[in-house]
$ cat query31.txt   # compact mmCIF, C-alpha atoms
# COMPACT_ATOMS: atom_id res chain seq x y z
CA MET X 1 0.49 7.20 -12.66
CA TRP X 2 0.32 8.01 -8.96
CA ARG X 3 0.49 11.47 -7.58
CA ARG X 4 0.67 13.50 -4.42
CA LEU X 5 -1.62 16.48 -4.17
CA THR X 6 -0.12 19.89 -3.43
CA SER X 7 -1.56 22.54 -1.10
CA LEU X 8 -5.26 23.22 -1.69
CA SER X 9 -5.98 25.86 0.95
CA HIS X 10 -7.83 28.06 -1.55
CA LEU X 11 -10.49 25.34 -1.97
CA ARG X 12 -12.17 26.19 1.32
CA GLN X 13 -14.73 28.37 -0.43
CA VAL X 14 -15.50 25.81 -3.13
CA ARG X 15 -18.55 23.59 -2.76
CA ARG X 16 -17.81 20.04 -1.56
CA ALA X 17 -19.28 18.55 -4.73
CA ASP X 18 -16.57 20.33 -6.75
CA GLU X 19 -13.64 19.69 -4.41
CA LEU X 20 -12.33 16.49 -5.97
CA LYS X 21 -12.38 17.82 -9.55
CA ILE X 22 -10.41 20.87 -8.49
CA CYS X 23 -7.98 18.75 -6.48
CA GLN X 24 -7.20 16.81 -9.63
CA ALA X 25 -6.16 20.00 -11.40
CA PHE X 26 -3.46 20.67 -8.81
CA CYS X 27 -1.68 17.30 -8.78
CA THR X 28 2.09 17.05 -9.13
CA ASP X 29 4.29 14.04 -9.78
CA ILE X 30 6.43 12.68 -6.93
CA THR X 31 9.15 10.06 -6.75
CA LYS X 32 8.86 8.63 -3.23
CA PRO X 33 6.86 8.89 0.02
CA PRO X 34 8.09 11.36 2.65
CA VAL X 35 11.33 10.43 4.42
CA GLU X 36 9.72 11.09 7.80
CA ALA X 37 7.28 8.23 7.14
CA GLU X 38 10.16 5.75 7.00
CA SER X 39 12.13 7.20 9.93
CA HIS X 40 9.00 7.12 12.09
CA TYR X 41 8.66 3.41 11.39
CA ARG X 42 12.28 2.79 12.32
CA ARG X 43 11.56 4.15 15.80
CA ASN X 44 9.48 0.99 16.36
CA SER X 45 6.14 2.70 16.04
CA PRO X 46 3.49 1.10 13.82
CA PHE X 47 3.62 2.19 10.18
CA VAL X 48 0.05 3.12 9.28
CA ALA X 49 -1.39 3.95 5.87
CA PHE X 50 -5.03 5.01 5.61
CA VAL X 51 -6.73 3.81 2.40
CA LEU X 52 -9.63 5.94 1.19
CA GLY X 53 -12.10 5.76 -1.68
CA GLY X 54 -15.82 5.44 -2.24
CA PRO X 55 -17.73 2.16 -1.98
CA GLY X 56 -16.73 0.10 -5.01
CA SER X 57 -13.57 2.12 -5.69
CA GLY X 58 -11.52 -1.09 -5.45
CA LYS X 59 -9.59 -0.15 -2.33
CA GLY X 60 -10.37 -3.43 -0.54
CA THR X 61 -9.12 -5.55 -3.43
CA GLN X 62 -5.98 -3.46 -3.76
CA CYS X 63 -5.33 -3.67 -0.02
CA LEU X 64 -5.31 -7.47 -0.31
CA LYS X 65 -2.75 -7.25 -3.13
CA ILE X 66 -0.60 -4.77 -1.19
CA ALA X 67 -0.74 -6.94 1.93
CA GLU X 68 0.28 -10.05 -0.01
CA THR X 69 3.04 -8.35 -1.99
CA PHE X 70 4.55 -6.03 0.61
CA GLY X 71 3.77 -7.74 3.91
CA PHE X 72 1.26 -5.28 5.35
CA GLU X 73 -1.52 -6.19 7.76
CA HIS X 74 -4.87 -5.35 6.16
CA ILE X 75 -7.42 -3.93 8.60
CA GLY X 76 -10.81 -3.18 7.08
CA ALA X 77 -12.75 -0.68 9.18
CA GLY X 78 -16.01 -1.95 7.70
CA ASP X 79 -15.02 -5.57 8.38
CA LEU X 80 -14.27 -4.73 12.02
CA LEU X 81 -17.68 -3.10 12.37
CA ARG X 82 -19.46 -6.04 10.72
CA LYS X 83 -17.65 -8.46 13.02
CA GLU X 84 -18.65 -6.37 16.01
CA MET X 85 -22.22 -6.25 14.70
CA TYR X 86 -22.52 -10.04 14.97
CA SER X 87 -20.52 -10.38 18.19
CA GLY X 88 -23.48 -9.87 20.50
CA SER X 89 -21.85 -6.80 22.07
CA GLU X 90 -23.82 -3.78 23.23
CA ASN X 91 -22.70 -1.88 20.13
CA GLY X 92 -23.79 -4.60 17.69
CA ASP X 93 -27.44 -3.61 17.23
CA MET X 94 -26.55 0.06 16.88
CA ILE X 95 -23.93 -0.70 14.21
CA GLN X 96 -26.36 -2.90 12.27
CA LYS X 97 -29.01 -0.17 12.18
CA LEU X 98 -26.52 2.44 11.00
CA MET X 99 -25.12 0.16 8.28
CA LYS X 100 -28.59 -0.52 6.88
CA GLU X 101 -29.13 3.24 6.69
CA GLY X 102 -25.76 3.80 5.01
CA SER X 103 -24.65 5.96 7.94
CA ILE X 104 -21.28 6.12 9.69
CA ALA X 105 -20.73 4.40 13.04
CA PRO X 106 -19.66 6.57 15.99
CA SER X 107 -16.01 7.56 15.65
CA GLU X 108 -14.99 6.39 19.10
CA VAL X 109 -16.38 2.89 18.47
CA THR X 110 -14.55 2.54 15.15
CA VAL X 111 -11.26 3.96 16.42
CA LYS X 112 -11.19 1.69 19.46
CA LEU X 113 -11.77 -1.35 17.24
CA ILE X 114 -8.90 -0.25 14.97
CA LYS X 115 -6.61 0.46 17.92
CA LYS X 116 -7.32 -2.96 19.39
CA ALA X 117 -6.58 -4.64 16.04
CA ILE X 118 -3.25 -2.82 15.72
CA GLU X 119 -2.17 -3.58 19.27
CA SER X 120 -3.05 -7.26 18.99
CA ALA X 121 -1.19 -7.86 15.70
CA GLU X 122 2.39 -9.11 15.43
CA ASN X 123 2.90 -7.14 12.24
CA ARG X 124 3.90 -3.46 12.57
CA LYS X 125 2.85 -2.33 9.08
CA PHE X 126 -0.85 -1.61 8.60
CA LEU X 127 -3.31 -0.68 5.89
CA ILE X 128 -6.44 0.82 7.45
CA ASP X 129 -9.05 0.27 4.76
CA GLY X 130 -12.03 2.63 4.60
CA PHE X 131 -11.03 4.98 7.39
CA PRO X 132 -11.33 7.83 8.28
CA ARG X 133 -14.61 8.58 6.56
CA SER X 134 -15.11 11.97 8.15
CA GLU X 135 -13.21 14.76 9.86
CA GLU X 136 -14.72 13.56 13.12
CA ASN X 137 -13.25 10.10 12.46
CA ARG X 138 -9.87 11.64 11.72
CA MET X 139 -9.78 13.79 14.84
CA ALA X 140 -10.98 10.90 17.03
CA TYR X 141 -8.17 8.69 15.69
CA GLU X 142 -5.53 11.31 16.40
CA ARG X 143 -6.95 11.90 19.88
CA ILE X 144 -7.35 8.25 20.92
CA VAL X 145 -4.33 6.76 19.15
CA GLY X 146 -2.15 9.83 19.61
CA ALA X 147 -0.65 9.76 16.10
CA GLU X 148 -1.30 10.58 12.45
CA PRO X 149 -1.00 8.07 9.59
CA ASN X 150 2.33 7.90 7.79
CA PHE X 151 0.52 8.51 4.52
CA VAL X 152 -2.89 8.19 2.87
CA LEU X 153 -3.74 6.27 -0.30
CA PHE X 154 -6.79 7.56 -2.17
CA PHE X 155 -8.52 5.65 -4.99
CA ASP X 156 -10.24 8.06 -7.37
CA CYS X 157 -13.13 6.45 -9.24
CA PRO X 158 -16.29 7.75 -11.03
CA GLU X 159 -19.58 7.22 -9.21
CA GLU X 160 -21.17 5.14 -11.97
CA VAL X 161 -18.25 2.71 -11.91
CA MET X 162 -18.44 2.37 -8.12
CA VAL X 163 -22.20 1.68 -8.14
CA LYS X 164 -21.83 -0.97 -10.84
CA ARG X 165 -19.02 -2.72 -8.97
CA VAL X 166 -20.90 -2.82 -5.67
CA LEU X 167 -24.09 -4.19 -7.21
CA ASN X 168 -22.14 -6.83 -9.13
CA ARG X 169 -19.94 -8.14 -6.33
CA ASN X 170 -22.75 -10.19 -4.75
CA GLU X 171 -21.07 -10.78 -1.38
CA GLY X 172 -24.33 -10.94 0.56
CA ARG X 173 -23.48 -7.88 2.65
CA VAL X 174 -26.37 -6.10 4.35
CA ASP X 175 -25.26 -2.77 2.84
CA ASP X 176 -24.85 -4.00 -0.78
CA ASN X 177 -28.13 -2.91 -2.33
CA GLU X 178 -28.88 -0.02 -4.68
CA HIS X 179 -30.63 2.21 -2.14
CA THR X 180 -27.93 1.78 0.49
CA VAL X 181 -25.11 2.21 -2.05
CA LYS X 182 -26.53 5.56 -3.15
CA GLU X 183 -26.90 6.66 0.46
CA ARG X 184 -23.31 5.60 1.16
CA LEU X 185 -22.12 7.64 -1.81
CA LYS X 186 -23.96 10.71 -0.51
CA VAL X 187 -22.27 10.30 2.86
CA TYR X 188 -18.91 9.72 1.15
CA LYS X 189 -19.16 12.90 -0.93
CA GLY X 190 -20.25 15.03 1.99
CA THR X 191 -17.87 13.78 4.64
CA THR X 192 -14.82 12.05 3.13
CA LEU X 193 -13.62 14.67 0.64
CA PRO X 194 -12.74 17.13 3.45
CA VAL X 195 -10.53 14.36 4.89
CA VAL X 196 -8.89 13.93 1.48
CA ASN X 197 -8.19 17.67 1.33
CA HIS X 198 -6.82 17.72 4.88
CA TYR X 199 -4.16 15.14 4.09
CA ALA X 200 -3.47 16.76 0.72
CA LYS X 201 -2.57 19.99 2.50
CA LYS X 202 -0.23 18.08 4.81
CA GLY X 203 1.53 16.45 1.84
CA LYS X 204 0.47 12.94 2.87
CA LEU X 205 -2.02 12.07 0.12
CA TYR X 206 -1.30 9.73 -2.80
CA LYS X 207 -3.99 9.51 -5.47
CA VAL X 208 -4.46 6.44 -7.66
CA ASP X 209 -6.70 6.20 -10.73
CA GLY X 210 -9.28 3.54 -9.80
CA ILE X 211 -10.45 2.77 -13.35
CA GLY X 212 -9.29 -0.44 -15.01
CA THR X 213 -8.67 -4.05 -14.15
CA GLN X 214 -7.38 -5.10 -10.75
CA GLU X 215 -3.96 -5.74 -12.28
CA GLU X 216 -3.83 -2.37 -14.06
CA ILE X 217 -4.71 -0.51 -10.88
CA PHE X 218 -2.17 -2.45 -8.84
CA GLU X 219 0.59 -1.49 -11.28
CA ARG X 220 -0.20 2.13 -10.38
CA VAL X 221 -0.03 1.29 -6.68
CA ARG X 222 3.13 -0.82 -6.77
CA PRO X 223 5.70 2.04 -7.13
CA ILE X 224 4.39 3.75 -4.00
CA PHE X 225 5.10 0.75 -1.78
CA SER X 226 8.19 -0.41 -3.67
CA SER X 227 9.85 2.90 -2.77
CA LEU X 228 9.35 2.39 0.98
CA ARG X 229 12.40 1.19 2.91
CA LEU X 230 10.62 -0.89 5.53
CA SER X 231 11.67 -4.20 7.00
CA THR X 232 9.14 -7.03 6.99
$ encode --input "query31.txt" --output "structure tokens"
Amino acid sequence: MWRRLTSLSHLRQVRRADELKICQAFCTDITKPPVEAESHYRRNSPFVAFVLGGPGSGKGTQCLKIAETFGFEHIGAGDLLRKEMYSGSENGDMIQKLMKEGSIAPSEVTVKLIKKAIESAENRKFLIDGFPRSEENRMAYERIVGAEPNFVLFFDCPEEVMVKRVLNRNEGRVDDNEHTVKERLKVYKGTTLPVVNHYAKKGKLYKVDGIGTQEEIFERVRPIFSSLRLST
């Protein structure tokens, strides 16, 4: 079951640690993404969906399935930063240090990498995986790119499940160790949930239950993208 969150303006006085649980209590069923999302795409602008979730929430795997099934270009914000880290650029060393600490790279650096990836692609439909991770990220994107996403996909997953997945994936990433994972989760809780609430208030957030097999989760995602009327 996938859902769009309704207005949550009264949550401003609730502690960040409780925000997500309260958000879940105010979910309502929907039948299709906003019409304006599709009409905006038809005006030849890029169709952009942000994909959010904690480390190990499964968003990267689901992005690959969405890209393959529905013809979207998958842009991983973390992958762009890792590529830049090893490129020998002036930002590389700084990005590597921040990643080892579990911290977030400067918003302007990340946004410019994303903007460059969008502009250089032939595809006009994009999944931006793992971004924005903070309100600063979000505002920098809107300022530099000059647009908001068409909608936001949020994978909701318990912390213990996310930690287990990250430690078991064994991809050799510099940030895939227990200490760094826990630090990343702290950053995620403190900075990403306000972004989730922002897009919930704007009616652009779609929440997906991140528990289950890859196939089970994708069956919850499929109706969202099947309902879009976008050309390939």
$ closest_residue --input "query31.txt" --among "X:Phe218, X:Phe154, X:Tyr86, X:Phe70" --to "X:Ala200" --atoms "all atoms listed in the file"
X:Phe154
$ residues_around --input "query31.txt" --residues "stretch 55-62 of chain X" --least-positions-apart "6" --cutoff "6 Å" --atoms "all atoms listed in the file" --output "VMD selection string"
chain X and resid 157 162 165 to 166
$ closest_residue --input "query31.txt" --among "X:Arg184, X:Lys164, X:Arg169, X:Arg143" --to "X:Leu98" --atoms "only C-alpha atoms"
X:Arg184
$ residues_around --input "query31.txt" --residues "stretch 188-198 of chain X" --least-positions-apart "3" --cutoff "6 Å" --atoms "all atoms listed in the file" --output "tab-separated table (two decimals) with C-alpha atoms, keeping the file's coordinate frame"
chain	number	residue	atom	x	y	z
X	133	ARG	CA	-14.61	8.58	6.56
X	134	SER	CA	-15.11	11.97	8.15
X	135	GLU	CA	-13.21	14.76	9.86
X	185	LEU	CA	-22.12	7.64	-1.81
X	201	LYS	CA	-2.57	19.99	2.50
$ atom_distance --input "query31.txt" --atom1 "atom CA of X:Lys186" --atom2 "atom CA of X:His74"
25.8 Å
$ residues_around --input "query31.txt" --residues "X:Leu205" --least-positions-apart "3" --cutoff "8 Å" --atoms "all atoms listed in the file" --output "ChimeraX atom specification"
/X:4-5,151-154,196,199-200,202
$ atom_distance --input "query31.txt" --atom1 "atom CA of X:Glu73" --atom2 "atom CA of X:Val51"
12.5 Å
$ residues_around --input "query31.txt" --residues "X:Phe72" --least-positions-apart "5" --cutoff "7 Å" --atoms "all atoms listed in the file" --output "list in words"
Ile66, Ala67, Lys125, Phe126 and Leu127 of chain X
$ atom_distance --input "query31.txt" --atom1 "atom CA of X:Arg82" --atom2 "atom CA of X:Glu216"
29.5 Å
$ residues_around --input "query31.txt" --residues "X:Glu148" --least-positions-apart "4" --cutoff "9 Å" --atoms "only C-alpha atoms" --output "PyMOL selection string"
chain X and resi 48+138+141-142
$ closest_residue --input "query31.txt" --among "X:Ser87, X:Gly203, X:Gly54, X:Leu230" --to "X:Val163" --atoms "all atoms listed in the file"
X:Gly54
